[in-house]
>>> print(open('coords15.tsv').read())   # TSV, C-alpha atoms
chain	number	residue	atom	x	y	z
A	10	MET	CA	10.75	13.64	5.92
A	11	LYS	CA	13.15	12.15	8.50
A	12	SER	CA	10.26	11.06	10.73
A	13	GLN	CA	8.84	8.97	7.86
A	14	ILE	CA	12.03	6.96	7.30
A	15	ILE	CA	11.61	3.45	8.70
A	16	TYR	CA	14.92	2.05	7.47
A	17	GLU	CA	17.82	2.99	5.19
A	18	ASP	CA	21.14	1.59	4.08
A	19	ASN	CA	23.34	1.93	0.99
A	20	HIS	CA	20.93	-0.11	-1.15
A	21	ILE	CA	17.33	0.52	-0.01
A	22	ILE	CA	15.23	3.03	1.85
A	23	ILE	CA	11.83	2.24	3.42
A	24	VAL	CA	9.38	5.11	3.94
A	25	ASN	CA	6.05	5.36	5.76
A	26	LYS	CA	3.92	7.27	3.23
A	27	LEU	CA	1.32	9.74	4.45
A	28	PRO	CA	-2.14	9.42	2.86
A	29	SER	CA	-1.88	12.83	1.19
A	30	GLN	CA	1.35	11.99	-0.66
A	31	ILE	CA	1.82	10.60	-4.16
A	32	VAL	CA	4.68	8.15	-4.74
A	33	GLN	CA	5.49	9.36	-8.27
A	34	GLY	CA	4.64	12.55	-10.14
A	35	ASP	CA	1.22	12.86	-11.77
A	36	LYS	CA	-0.96	15.44	-13.50
A	37	THR	CA	-1.60	17.29	-10.22
A	38	GLY	CA	1.94	18.62	-10.27
A	39	ASP	CA	2.29	17.97	-6.52
A	40	GLU	CA	5.76	17.05	-5.32
A	41	PRO	CA	5.96	13.25	-5.18
A	42	LEU	CA	7.40	11.24	-2.31
A	43	SER	CA	10.18	10.00	-4.60
A	44	GLU	CA	11.46	13.58	-5.02
A	45	MET	CA	11.22	14.25	-1.28
A	46	VAL	CA	13.31	11.15	-0.60
A	47	LYS	CA	15.89	12.22	-3.20
A	48	LYS	CA	16.22	15.61	-1.51
A	49	TYR	CA	16.55	13.92	1.88
A	50	ILE	CA	19.39	11.67	0.60
A	51	LYS	CA	21.13	14.52	-1.19
A	52	LYS	CA	21.12	16.69	1.92
A	53	LYS	CA	21.97	13.96	4.46
A	54	TYR	CA	24.88	12.52	2.51
A	55	ASN	CA	25.91	15.78	0.80
A	56	LYS	CA	25.70	14.13	-2.61
A	57	PRO	CA	26.70	16.15	-5.69
A	58	GLY	CA	24.61	15.92	-8.85
A	59	ASP	CA	21.51	13.80	-9.31
A	60	VAL	CA	20.55	11.20	-6.74
A	61	PHE	CA	19.54	7.75	-8.04
A	62	LEU	CA	16.28	6.47	-6.58
A	63	GLY	CA	14.26	3.60	-8.00
A	64	VAL	CA	10.54	3.27	-7.31
A	65	VAL	CA	9.91	-0.41	-6.57
A	66	HIS	CA	6.13	-0.20	-6.06
A	67	ARG	CA	3.43	2.38	-5.39
A	68	LEU	CA	0.52	3.06	-3.08
A	69	ASP	CA	-2.63	4.94	-4.08
A	70	ARG	CA	-2.66	8.56	-2.96
A	71	PRO	CA	-5.32	8.14	-0.21
A	72	VAL	CA	-3.52	5.06	1.19
A	73	SER	CA	-0.79	5.24	3.84
A	74	GLY	CA	2.07	2.94	4.77
A	75	LEU	CA	5.27	1.26	3.71
A	76	VAL	CA	6.94	1.99	0.38
A	77	ILE	CA	10.27	0.50	-0.76
A	78	PHE	CA	12.71	2.60	-2.77
A	79	ALA	CA	15.99	1.34	-4.25
A	80	ARG	CA	19.15	3.41	-3.88
A	81	THR	CA	21.12	1.45	-6.48
A	82	SER	CA	20.28	0.02	-9.90
A	83	LYS	CA	21.37	-3.44	-8.69
A	84	ALA	CA	18.90	-3.31	-5.80
A	85	LEU	CA	16.13	-2.02	-8.09
A	86	THR	CA	16.60	-4.85	-10.61
A	87	ARG	CA	16.54	-7.51	-7.89
A	88	LEU	CA	13.56	-5.99	-6.05
A	89	ASN	CA	11.60	-5.71	-9.30
A	90	LYS	CA	12.27	-9.42	-9.91
A	91	MET	CA	11.09	-10.26	-6.38
A	92	LEU	CA	7.95	-8.19	-6.89
A	93	LYS	CA	7.20	-9.99	-10.14
A	94	GLU	CA	7.72	-13.36	-8.47
A	95	HIS	CA	5.53	-12.34	-5.48
A	96	THR	CA	8.30	-12.97	-2.94
A	97	ILE	CA	7.79	-9.61	-1.22
A	98	ARG	CA	5.16	-10.20	1.49
A	99	LYS	CA	2.78	-7.27	1.94
A	100	VAL	CA	0.32	-7.01	4.82
A	101	TYR	CA	-2.29	-4.25	5.04
A	102	TRP	CA	-4.79	-3.01	7.61
A	103	ALA	CA	-8.23	-1.92	6.45
A	104	ILE	CA	-11.11	-0.51	8.49
A	105	VAL	CA	-14.61	-1.34	7.26
A	106	LYS	CA	-18.12	-0.73	8.59
A	107	GLU	CA	-19.64	-4.02	7.45
A	108	LEU	CA	-18.37	-7.34	8.73
A	109	PRO	CA	-17.19	-9.62	5.91
A	110	PRO	CA	-19.09	-12.88	5.34
A	111	GLN	CA	-16.38	-14.95	7.09
A	112	GLU	CA	-13.82	-14.31	9.82
A	113	LYS	CA	-11.06	-15.31	7.40
A	114	ASP	CA	-11.14	-16.00	3.68
A	115	HIS	CA	-8.98	-16.35	0.60
A	116	LEU	CA	-10.53	-14.15	-2.08
A	117	ILE	CA	-9.93	-14.91	-5.75
A	118	HIS	CA	-11.39	-12.55	-8.34
A	119	TYR	CA	-10.61	-11.23	-11.79
A	120	ILE	CA	-9.84	-7.52	-11.83
A	121	TYR	CA	-10.50	-5.38	-14.84
A	122	ARG	CA	-9.65	-1.69	-15.03
A	123	ASP	CA	-11.57	1.28	-16.39
A	124	THR	CA	-8.76	3.70	-17.22
A	125	LYS	CA	-11.14	6.61	-17.93
A	126	LYS	CA	-12.60	6.37	-14.43
A	127	ASN	CA	-9.29	5.23	-12.88
A	128	LYS	CA	-11.24	2.47	-11.20
A	129	SER	CA	-11.03	-1.32	-11.06
A	130	PHE	CA	-13.84	-3.86	-10.87
A	131	ALA	CA	-13.80	-7.37	-9.42
A	132	SER	CA	-15.55	-10.31	-11.06
A	133	VAL	CA	-15.84	-13.97	-10.12
A	134	THR	CA	-15.42	-14.93	-13.76
A	135	GLU	CA	-12.59	-14.13	-16.14
A	136	ARG	CA	-13.30	-11.58	-18.82
A	137	LYS	CA	-11.36	-9.79	-21.56
A	138	ASN	CA	-8.31	-7.88	-20.26
A	139	SER	CA	-8.96	-8.98	-16.66
A	140	LYS	CA	-6.20	-10.21	-14.33
A	141	ARG	CA	-6.41	-12.77	-11.56
A	142	ALA	CA	-6.35	-11.15	-8.11
A	143	GLU	CA	-5.82	-12.91	-4.80
A	144	LEU	CA	-5.73	-11.84	-1.17
A	145	ILE	CA	-6.28	-13.35	2.25
A	146	TYR	CA	-8.16	-11.34	4.86
A	147	SER	CA	-8.67	-11.92	8.58
A	148	HIS	CA	-11.01	-10.07	10.94
A	149	ILE	CA	-8.78	-9.13	13.87
A	150	ALA	CA	-10.67	-6.51	15.93
A	151	SER	CA	-13.89	-4.52	16.23
A	152	SER	CA	-15.07	-1.27	17.80
A	153	ASP	CA	-18.73	-0.44	18.42
A	154	LYS	CA	-19.13	0.66	14.77
A	155	TYR	CA	-16.14	-0.54	12.75
A	156	HIS	CA	-14.04	-3.62	12.06
A	157	LEU	CA	-10.33	-4.03	11.44
A	158	LEU	CA	-9.23	-6.47	8.76
A	159	GLU	CA	-5.67	-7.66	8.19
A	160	ILE	CA	-5.00	-8.41	4.54
A	161	GLU	CA	-2.15	-10.30	2.93
A	162	LEU	CA	-1.87	-9.26	-0.69
A	163	LEU	CA	-0.94	-12.21	-2.90
A	164	THR	CA	-1.06	-10.32	-6.22
A	165	GLY	CA	-0.58	-6.64	-7.00
A	166	ARG	CA	-3.42	-5.33	-9.15
A	167	HIS	CA	-4.69	-1.77	-9.62
A	168	HIS	CA	-6.84	-0.83	-6.58
A	169	GLN	CA	-7.01	-4.54	-5.78
A	170	ILE	CA	-7.85	-4.48	-2.06
A	171	ARG	CA	-10.34	-1.66	-2.54
A	172	ALA	CA	-12.13	-3.45	-5.39
A	173	GLN	CA	-12.18	-6.90	-3.81
A	174	LEU	CA	-13.44	-5.71	-0.42
A	175	ALA	CA	-16.12	-3.62	-2.13
A	176	PHE	CA	-17.18	-6.68	-4.12
A	177	ILE	CA	-17.90	-8.67	-0.93
A	178	GLY	CA	-19.87	-5.74	0.53
A	179	CYS	CA	-17.12	-4.27	2.72
A	180	PRO	CA	-15.93	-0.99	1.17
A	181	ILE	CA	-13.10	0.66	3.11
A	182	LYS	CA	-14.03	3.55	5.38
A	183	GLY	CA	-13.84	6.82	3.43
A	184	ASP	CA	-13.48	5.16	0.02
A	185	ILE	CA	-16.39	6.73	-1.88
A	186	LYS	CA	-14.94	5.57	-5.21
A	187	TYR	CA	-15.66	2.00	-4.12
A	188	GLY	CA	-19.01	2.47	-2.44
A	189	TYR	CA	-18.43	3.89	1.01
A	190	PRO	CA	-21.20	6.47	1.61
A	191	ARG	CA	-19.03	9.40	2.76
A	192	THR	CA	-15.46	10.64	2.64
A	193	ASN	CA	-13.01	11.02	5.48
A	194	LYS	CA	-11.55	14.37	6.38
A	195	ASP	CA	-8.71	15.22	3.96
A	196	ALA	CA	-10.00	12.53	1.55
A	197	PHE	CA	-7.81	9.72	2.92
A	198	ILE	CA	-9.14	6.18	3.26
A	199	HIS	CA	-8.60	3.74	6.12
A	200	LEU	CA	-6.20	1.47	4.24
A	201	HIS	CA	-2.64	1.19	5.52
A	202	ALA	CA	0.35	-0.81	4.26
A	203	ARG	CA	1.20	-2.13	7.71
A	204	LYS	CA	3.97	-4.70	7.23
A	205	ILE	CA	6.44	-5.79	4.59
A	206	GLU	CA	8.83	-8.76	4.49
A	207	PHE	CA	11.48	-9.63	1.91
A	208	ILE	CA	15.04	-10.85	1.47
A	209	HIS	CA	17.45	-7.93	1.23
A	210	PRO	CA	18.49	-7.64	-2.45
A	211	VAL	CA	22.20	-7.39	-1.61
A	212	LYS	CA	22.76	-8.57	1.97
A	213	LYS	CA	20.44	-11.60	1.44
A	214	GLU	CA	19.07	-11.22	4.97
A	215	LYS	CA	15.37	-11.46	5.82
A	216	MET	CA	13.97	-7.97	6.43
A	217	THR	CA	10.69	-7.25	8.24
A	218	PHE	CA	9.27	-3.76	8.70
A	219	THR	CA	6.13	-2.48	10.40
A	220	ALA	CA	4.74	1.06	10.07
A	221	PRO	CA	2.41	2.89	12.46
A	222	PRO	CA	-0.83	4.17	10.89
A	223	PRO	CA	-1.41	7.92	10.47
A	224	ASP	CA	-2.57	10.10	13.37
A	225	ASP	CA	-6.28	9.38	13.52
A	226	PRO	CA	-8.56	8.44	16.46
A	227	LEU	CA	-9.87	5.28	14.80
A	228	TRP	CA	-6.44	4.03	13.81
A	229	GLU	CA	-5.21	4.76	17.35
A	230	TYR	CA	-8.10	2.79	18.84
A	231	PHE	CA	-7.31	-0.29	16.77
A	232	GLU	CA	-3.54	-0.03	17.20
A	233	GLN	CA	-3.99	-0.05	20.99
A	234	SER	CA	-6.67	-2.76	21.08
>>> encode(input="coords15.tsv", output="structure tokens")
Amino acid sequence: MKSQIIYEDNHIIIVNKLPSQIVQGDKTGDEPLSEMVKKYIKKKYNKPGDVFLGVVHRLDRPVSGLVIFARTSKALTRLNKMLKEHTIRKVYWAIVKELPPQEKDHLIHYIYRDTKKNKSFASVTERKNSKRAELIYSHIASSDKYHLLEIELLTGRHHQIRAQLAFIGCPIKGDIKYGYPRTNKDAFIHLHARKIEFIHPVKKEKMTFTAPPPDDPLWEYFEQS
């Protein structure tokens, strides 16, 4: 757990999630990252009783990267407000096989969710129960077979990046749910929450964090290029 901690203070803790981990408990019964972080805090600071830890946001299980947790209720309330107001800047890396139509673009779609399939769909027109979804992508590198996109997420919808990239014909490598032809080993997908920027909820200082991608030859190639 210690190797995954990017930053910690009395108010927040930033963790680099592995693609196999879940942020909060689900029907699988697997131990969530939130519980692992609680155990880490309890042991490190020798805390008696229950440890408070607020989940500010989540990442899908097959996705890796930065997750913010709040260590106090004050920090959680303020971070939740910032998330709602879209003042937490989130930047992702995604590896795709097909080049997008443009080098850089601002995508605006309407996302609607099928809860039975746990899948979201992007549409260019608004429909019942859909939500506006926006992101900006840039093509920043290529290998002989794959392309690295940097994505700034402007809204936070269910499976938003996965659905929007699939809609423009660029499903993320390994993401069979959204149209990629085959899975990756261990069922992870090449989507990584690379960078996060926000004003500290208590100190009021600008905070910027960057997380290395998981150990994987393709990620290593792009990180070094």
>>> closest_atom_pairs(input="coords15.tsv", of="range 145-203 of chain A", to="range 89-101 of chain A", cutoff="9 Å", atoms="only C-alpha atoms", output="tab-separated table")
residue	atom	partner	partner_atom	distance
A:Leu158	CA	A:Tyr101	CA	8.2
A:Glu159	CA	A:Tyr101	CA	5.7
A:Ile160	CA	A:Tyr101	CA	5.0
A:Glu161	CA	A:Val100	CA	4.5
A:Leu162	CA	A:Lys99	CA	5.7
A:Leu163	CA	A:His95	CA	7.0
A:Thr164	CA	A:His95	CA	6.9
A:Gly165	CA	A:His95	CA	8.5
A:Leu200	CA	A:Tyr101	CA	7.0
A:His201	CA	A:Tyr101	CA	5.5
A:Ala202	CA	A:Tyr101	CA	4.4
A:Arg203	CA	A:Tyr101	CA	4.9
>>> write_last_selection(input="coords15.tsv", atoms="C-alpha atoms", output="PDB file, keeping the file's coordinate frame")
ATOM      1  CA  LEU A 158      -9.230  -6.470   8.760  1.00  0.00           C
ATOM      2  CA  GLU A 159      -5.670  -7.660   8.190  1.00  0.00           C
ATOM      3  CA  ILE A 160      -5.000  -8.410   4.540  1.00  0.00           C
ATOM      4  CA  GLU A 161      -2.150 -10.300   2.930  1.00  0.00           C
ATOM      5  CA  LEU A 162      -1.870  -9.260  -0.690  1.00  0.00           C
ATOM      6  CA  LEU A 163      -0.940 -12.210  -2.900  1.00  0.00           C
ATOM      7  CA  THR A 164      -1.060 -10.320  -6.220  1.00  0.00           C
ATOM      8  CA  GLY A 165      -0.580  -6.640  -7.000  1.00  0.00           C
ATOM      9  CA  LEU A 200      -6.200   1.470   4.240  1.00  0.00           C
ATOM     10  CA  HIS A 201      -2.640   1.190   5.520  1.00  0.00           C
ATOM     11  CA  ALA A 202       0.350  -0.810   4.260  1.00  0.00           C
ATOM     12  CA  ARG A 203       1.200  -2.130   7.710  1.00  0.00           C
TER      13      ARG A 203
END
>>> atom_distance(input="coords15.tsv", atom1="CA of Lys36 in chain A", atom2="CA of Asp59 in chain A")
22.9 Å
>>> atom_distance(input="coords15.tsv", atom1="CA of Lys204 in chain A", atom2="CA of Lys126 in chain A")
29.4 Å
>>> residues_near_point(input="coords15.tsv", point="(-4.8, -1.5, 18.8)", cutoff="10 Å", atoms="all atoms listed in the file", output="mmCIF file with C-alpha atoms, keeping the file's coordinate frame")
data_model
loop_
_atom_site.group_PDB
_atom_site.id
_atom_site.type_symbol
_atom_site.label_atom_id
_atom_site.label_comp_id
_atom_site.auth_asym_id
_atom_site.auth_seq_id
_atom_site.Cartn_x
_atom_site.Cartn_y
_atom_site.Cartn_z
ATOM 1 C CA ILE A 149 -8.780 -9.130 13.870
ATOM 2 C CA ALA A 150 -10.670 -6.510 15.930
ATOM 3 C CA SER A 151 -13.890 -4.520 16.230
ATOM 4 C CA LEU A 157 -10.330 -4.030 11.440
ATOM 5 C CA LEU A 227 -9.870 5.280 14.800
ATOM 6 C CA TRP A 228 -6.440 4.030 13.810
ATOM 7 C CA GLU A 229 -5.210 4.760 17.350
ATOM 8 C CA TYR A 230 -8.100 2.790 18.840
ATOM 9 C CA PHE A 231 -7.310 -0.290 16.770
ATOM 10 C CA GLU A 232 -3.540 -0.030 17.200
ATOM 11 C CA GLN A 233 -3.990 -0.050 20.990
ATOM 12 C CA SER A 234 -6.670 -2.760 21.080
#
>>> closest_residue(input="coords15.tsv", among="A:Tyr49, A:Phe61, A:Tyr155, A:Phe78", to="Pro210 in chain A", atoms="all atoms listed in the file")
A:Phe78
>>> closest_residue(input="coords15.tsv", among="A:Thr86, A:Thr134, A:Ser129, A:Ser12", to="Lys186 in chain A", atoms="all atoms listed in the file")
A:Ser129
>>> atom_distance(input="coords15.tsv", atom1="CA of Gln169 in chain A", atom2="CA of Lys137 in chain A")
17.2 Å
>>> residues_around(input="coords15.tsv", residues="Ile117 in chain A", least_positions_apart="3", cutoff="12 Å", atoms="only C-alpha atoms", output="PyMOL selection string")
chain A and resi 114+120+131-135+140-146+162-164+169-170+172-174+176-177
>>> closest_residue(input="coords15.tsv", among="A:Asp35, A:Lys56, A:Lys106, A:Thr217", to="Asp153 in chain A", atoms="only C-alpha atoms")
A:Lys106
